[in-house]
Amino acid sequence: MRTVSSLSSPLLGCNLVQVPSIVCTEPIHQSKINKLPPSKMLGLDIKLPQWLKFEWVYMDYEGQKVAERLYQRIILFFAAVGFVAGYALQQFSYTVGALGVGSVVAALVCGIPWGSYRKHPLKWQPVVKEDEPAEGTSAPAKSSAEGKKKKKK
Amino acid sequence: MHNILARLNAILAFSFTVLAGLTFLCFLTTVAKDYSVDVRVRDLTGRVNVAYVNGLGEVEESIITGDLEVDLTPLFDWNAKELFVYLIAEYVTPNSPNSHNQIVLWDRIIKRGESAKINQKKFAQEYRLLDDRKALKTNPNVTLFLQWNVIPNAGALTTARGRGSQSIAMPDTYSPLRPNKQRGAG
């Protein structure tokens, strides 16, 4: 099945570049696409660093709930402290500054998905292997197509 | 909330909502405040002369000077950003359609952090005091008082008048206002 298209120049009379055209030897099934990492879905083969992996960047649902309540409390606490300090010293910039500090603290505490926010991971269904005849009618068709290719090779 | 950017966005949005609430509370704490303080305007002296103004013809011009003393520090609460202080000369011209005259003679901007104490001996009039009906000479009652606007962080721009004013009777003769200038012109 592999084809090689040659780019030949009529003037020089020789092959300049050989461009192997990529041919899919087998159709990509939906189940396989879902298993591709996001980097490969885009057509790029970039290895994501460990700290950007799904498990590291994302919180689970329970963690999101806790984080949302926590940042609201942090910001409101700093706002209350800033209000009292600003009123006592009659300087509104102290209030705004306290609120800014509270926002930064909230961003550090609740923005970064610390491990405590990832203690309730979702329970996914177990992975169904392709060899098992779980897909129904498509399974025999696929196997026959594979058989044809093997014969041709 | 599912990834970092969504969480930072939520935190920032919530912070600004809280900031709006704090600003409103700050406004509420000063909404009923009386921004008037005691002012001392003393030792006023006035001179009147004839002046010629393009379009008005012959008018009367006056220069009033005196001492001005006020401490505006208590006005700077946490909702006051800056003050615009101005000295007003007020007098009545009974036989004119615009009988109530208020003319700003002097002003000053006091920002937060600057010294808010004004102690001017023989303050220099900044703006001309002209009267096109010639009602300044022998005017028995020209009142000078201090007024200011408080520019707030939140809320309305308030106008307050200083407690304390002084009235003078203008002279009944013309006298040169700016001796050096008059000499140079003559």
# chains A, B, ... in the order shown; residues from 1 in each chain; ligands from 1
>>> closest_atom_pairs(of="chain B", to="chain A", cutoff="10 Å", atoms="only C-alpha atoms", output="tab-separated table")
residue	atom	partner	partner_atom	distance
B:Met1	CA	A:Gln64	CA	6.0
B:His2	CA	A:Tyr58	CA	5.8
B:Asn3	CA	A:Tyr58	CA	5.0
B:Ile4	CA	A:Gly111	CA	5.7
B:Leu5	CA	A:Gly111	CA	8.1
B:Ala6	CA	A:Gly111	CA	8.7
B:Arg7	CA	A:Gly111	CA	5.4
B:Leu8	CA	A:Gly111	CA	5.8
B:Asn9	CA	A:Gly111	CA	9.3
B:Ala10	CA	A:Glu68	CA	8.5
B:Ile11	CA	A:Ala107	CA	6.7
B:Leu12	CA	A:Ser103	CA	7.0
B:Ala13	CA	A:Ser103	CA	9.9
B:Phe14	CA	A:Gln72	CA	7.4
B:Ser15	CA	A:Ser103	CA	6.3
B:Phe16	CA	A:Leu99	CA	9.1
B:Val18	CA	A:Ala79	CA	7.3
B:Leu19	CA	A:Val96	CA	7.1
B:Gly21	CA	A:Ala79	CA	9.6
B:Leu22	CA	A:Phe83	CA	7.1
B:Thr23	CA	A:Phe92	CA	8.6
B:Leu25	CA	A:Phe83	CA	8.7
B:Cys26	CA	A:Phe92	CA	7.8
B:Thr29	CA	A:Tyr87	CA	8.8
B:Phe76	CA	A:Gln90	CA	8.0
B:Asp77	CA	A:Gln90	CA	5.3
B:Trp78	CA	A:Gln90	CA	4.2
B:Asn79	CA	A:Phe92	CA	6.8
B:Ala80	CA	A:Phe92	CA	9.1
B:Lys81	CA	A:Phe92	CA	9.5
B:Arg112	CA	A:Gln91	CA	10.0
B:Asn153	CA	A:Phe92	CA	8.3
>>> select_by_dssp(residues="chain B", states="strand (DSSP E)", output="ChimeraX atom specification")
/B:39-53,57-71,80-92,100-111,117-120,129-131,142-152,158-168
>>> residues_around(residues="B:Thr45", least_positions_apart="3", cutoff="9 Å", atoms="only C-alpha atoms", output="JSON list (two decimals) with N, CA, C and O atoms, in the first residue's frame")
[["chain", "number", "residue", "atom", "x", "y", "z"],
["B", 63, "ILE", "N", -10.01, 95.76, 43.36],
["B", 63, "ILE", "CA", -9.06, 94.79, 43.92],
["B", 63, "ILE", "C", -9.26, 94.77, 45.41],
["B", 63, "ILE", "O", -9.25, 95.80, 46.08],
["B", 64, "ILE", "N", -9.47, 93.58, 45.92],
["B", 64, "ILE", "CA", -9.68, 93.41, 47.35],
["B", 64, "ILE", "C", -8.59, 92.49, 47.86],
["B", 64, "ILE", "O", -8.26, 91.48, 47.22],
["B", 65, "THR", "N", -8.01, 92.84, 48.96],
["B", 65, "THR", "CA", -7.01, 91.97, 49.57],
["B", 65, "THR", "C", -7.26, 91.90, 51.07],
["B", 65, "THR", "O", -8.02, 92.68, 51.61],
["B", 66, "GLY", "N", -6.63, 90.95, 51.67],
["B", 66, "GLY", "CA", -6.83, 90.76, 53.11],
["B", 66, "GLY", "C", -6.12, 89.51, 53.56],
["B", 66, "GLY", "O", -5.31, 88.94, 52.83],
["B", 168, "ILE", "N", -16.90, 94.31, 53.56],
["B", 168, "ILE", "CA", -16.27, 95.63, 53.58],
["B", 168, "ILE", "C", -17.15, 96.59, 52.79],
["B", 168, "ILE", "O", -17.91, 96.18, 51.90],
["B", 169, "ALA", "N", -16.98, 97.84, 53.12],
["B", 169, "ALA", "CA", -17.60, 98.91, 52.33],
["B", 169, "ALA", "C", -16.55, 99.43, 51.37],
["B", 169, "ALA", "O", -15.43, 99.76, 51.76],
["B", 170, "MET", "N", -16.92, 99.47, 50.09],
["B", 170, "MET", "CA", -15.94, 99.90, 49.10],
["B", 170, "MET", "C", -15.75, 101.41, 49.18],
["B", 170, "MET", "O", -16.68, 102.14, 49.56]]
>>> atom_distance(atom1="atom CA of B:Asp38", atom2="atom CA of B:Gly162")
5.7 Å
>>> atom_distance(atom1="atom CA of B:Asn119", atom2="atom CA of B:Thr158")
23.3 Å
>>> closest_residue(among="B:Leu83, B:Leu177, B:Ala154, B:Ala51", to="B:Ser115", atoms="only C-alpha atoms")
B:Leu83
>>> atom_distance(atom1="atom CA of B:Arg42", atom2="atom CA of B:Ile88")
14.1 Å
>>> residues_around(residues="B:Val53", least_positions_apart="5", cutoff="10 Å", atoms="only C-alpha atoms", output="list of chain:residue names")
B:Glu58, B:Val59, B:Glu60, B:Glu61, B:Leu130, B:Asp132
>>> closest_residue(among="B:Asp107, B:Leu157, B:Leu144, B:Gln125", to="B:Val31", atoms="only C-alpha atoms")
B:Leu157
